[in-house]
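See structure below.
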Amino acid sequence: MTTTTMPAINSCPVNEVLYKNHCYYLDGSGGNCLVGYSRASEIILSKIAREFIDKDYKTTISDNCCIWTRDEYQNYGMPVGFCSQPGPFRHEPVKHGSNCKSATNNERKQLTFCGSD
């Protein structure tokens with residue numbers, strides 16, 4: 001029996017954060033992620049949020065500050081005044097930022113948290 005292991009990832013593309021062998025990014029993509037990525041959990045976001053300072057949107061500026069993750073509700077957001085504008089991000093996403101508490105926003109350019117599959 002042969003066991004195949006994935007090689008360790010040492011770096012991620014620009015504007016992405018490396019965490020536990022996966023790459024993560026924020027984008028104003030309305031809940032959609034690039035091929036090879038899917039929405040990631042708020043638990044992971046809470047662990048790496050600070051790493052997004054000085055990163056930028058992956059492709060598109062958001063039109064809503066609440067962060068769409070794979071979780072049912074949006075409880076993380078960028079603080080008012082720190083989102084929906086050209087980057088880089090000057091603040092990390094925070095719990096209940098921009099009053100995101102059990103939100104279910106689904107805007108065309110909703111801020112979205114994606115991680116590599």
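By convention here, the chains of the structure tokens are called A, B, ... in the order presented, each chain's residues are numbered starting at 1, and ligands are numbered starting at 1 in the order presented.
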Task: Surrounding residues of Leu34 in chain A excluding itself and chain neighbours under 5 positions, 12 Å, only C-alpha atoms, as a list in words - done: Cys23, Tyr24, Tyr25, Leu26, Asp27, Gly28, Ser29, Arg39, Lys58, Thr59, Thr60, Thr112, Phe113, Cys114, Gly115, Ser116 and Asp117 of chain A
Output C-alpha atoms for every residue in that selection, as a compact mmCIF listing (two decimals), in the first residue's frame.
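Writing done, so here's out-v4.txt:
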```
# COMPACT_ATOMS: atom_id res chain seq x y z
CA CYS A 23 -3.77 29.66 1.43
CA TYR A 24 -6.55 32.11 2.34
CA TYR A 25 -7.72 35.41 0.88
CA LEU A 26 -10.42 38.07 1.18
CA ASP A 27 -12.26 39.28 -1.90
CA GLY A 28 -15.37 41.21 -2.89
CA SER A 29 -16.54 38.22 -4.90
CA ARG A 39 -15.38 29.55 1.43
CA LYS A 58 -7.74 39.28 -4.29
CA THR A 59 -9.60 40.61 -7.35
CA THR A 60 -12.51 42.93 -6.46
CA THR A 112 -15.78 36.73 1.06
CA PHE A 113 -13.22 34.58 2.91
CA CYS A 114 -11.79 31.81 0.72
CA GLY A 115 -9.27 29.05 1.37
CA SER A 116 -7.46 26.60 -0.86
CA ASP A 117 -9.02 23.12 -1.10
```
Near-Val17 in chain A list (9 Å; only C-alpha atoms; drop same-chain fewer than 4 positions) as a PDB file with C-alpha atoms, in the first residue's frame:
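New file out26.pdb:
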```pdb
ATOM      1  CA  SER A  11       4.241  30.396   0.367  1.00  0.00           C
ATOM      2  CA  CYS A  12       1.002  31.633  -1.138  1.00  0.00           C
ATOM      3  CA  PRO A  13       0.196  33.921  -4.064  1.00  0.00           C
ATOM      4  CA  HIS A  22      -3.568  26.192   2.962  1.00  0.00           C
ATOM      5  CA  CYS A  23      -3.769  29.660   1.428  1.00  0.00           C
ATOM      6  CA  TYR A  24      -6.549  32.106   2.342  1.00  0.00           C
ATOM      7  CA  TYR A  25      -7.720  35.405   0.881  1.00  0.00           C
ATOM      8  CA  ILE A  48      -5.358  34.490  10.963  1.00  0.00           C
ATOM      9  CA  GLU A  51      -2.320  38.506   8.926  1.00  0.00           C
ATOM     10  CA  PHE A  52      -4.581  40.374   6.480  1.00  0.00           C
ATOM     11  CA  LYS A  55      -2.892  42.545   2.165  1.00  0.00           C
TER      12      LYS A  55
END
```
- [ ] Excluding Tyr73 in chain A and any residue of its chain fewer than 3 positions from it, enumerate the residues within 9 Å of it, using only C-alpha atoms, and give them as a PyMOL selection string.
- [x] chain A and resi 68-70+100-105
- [ ] Check the DSSP output for the backbone and give back, as a PyMOL selection string, the residues of chain A in strand (DSSP E or B).
- [x] chain A and resi 17-19+22-27+37-39+64-68+74+76-77+94-95+103+110-116
TODO: as a ChimeraX atom specification, list the residues of chain A assigned to alpha helix (DSSP H) by DSSP on the backbone atoms of this structure.
DONE: /A:42-48
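Straight-line separation from CA of Ile9 in chain A to CA of Glu92 in chain A: 23.4 Å.
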- [ ] Point out the residue among A:Gly97, A:Cys65, A:Val14, A:Asp71 with the least atom-to-atom distance to Ser84 in chain A, counting only C-alpha atoms.
- [x]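 So, comparing all the options, the nearest one is A:Cys65.
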- [ ] Counting only C-alpha atoms, figure out which residue out of A:Gln110, A:Gln74, A:Gln85, A:Asn99 gets nearest to Ser41 in chain A.
- [x] A:Gln74
Task: Long-range neighbours of Pro93 in chain A as a list in words, 8 Å cut-off, only C-alpha atoms, 4 positions minimum in chain - done: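 With the cut-off at 8 Å, the set is Ala49, Arg50, Phe52, Tyr76, Gly77, Met78, Pro79 and Gly97 of chain A.
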TODO: Kindly give the distance, in Å, that separates CA of Phe89 in chain A and CA of Ala8 in chain A, rounded to a single decimal.
DONE: 27.4 Å
Task: One-decimal distance in Å that lies between CA of Glu16 in chain A and CA of Ser38 in chain A - done: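 CA of Glu16 in chain A lies 13.6 Å from CA of Ser38 in chain A.
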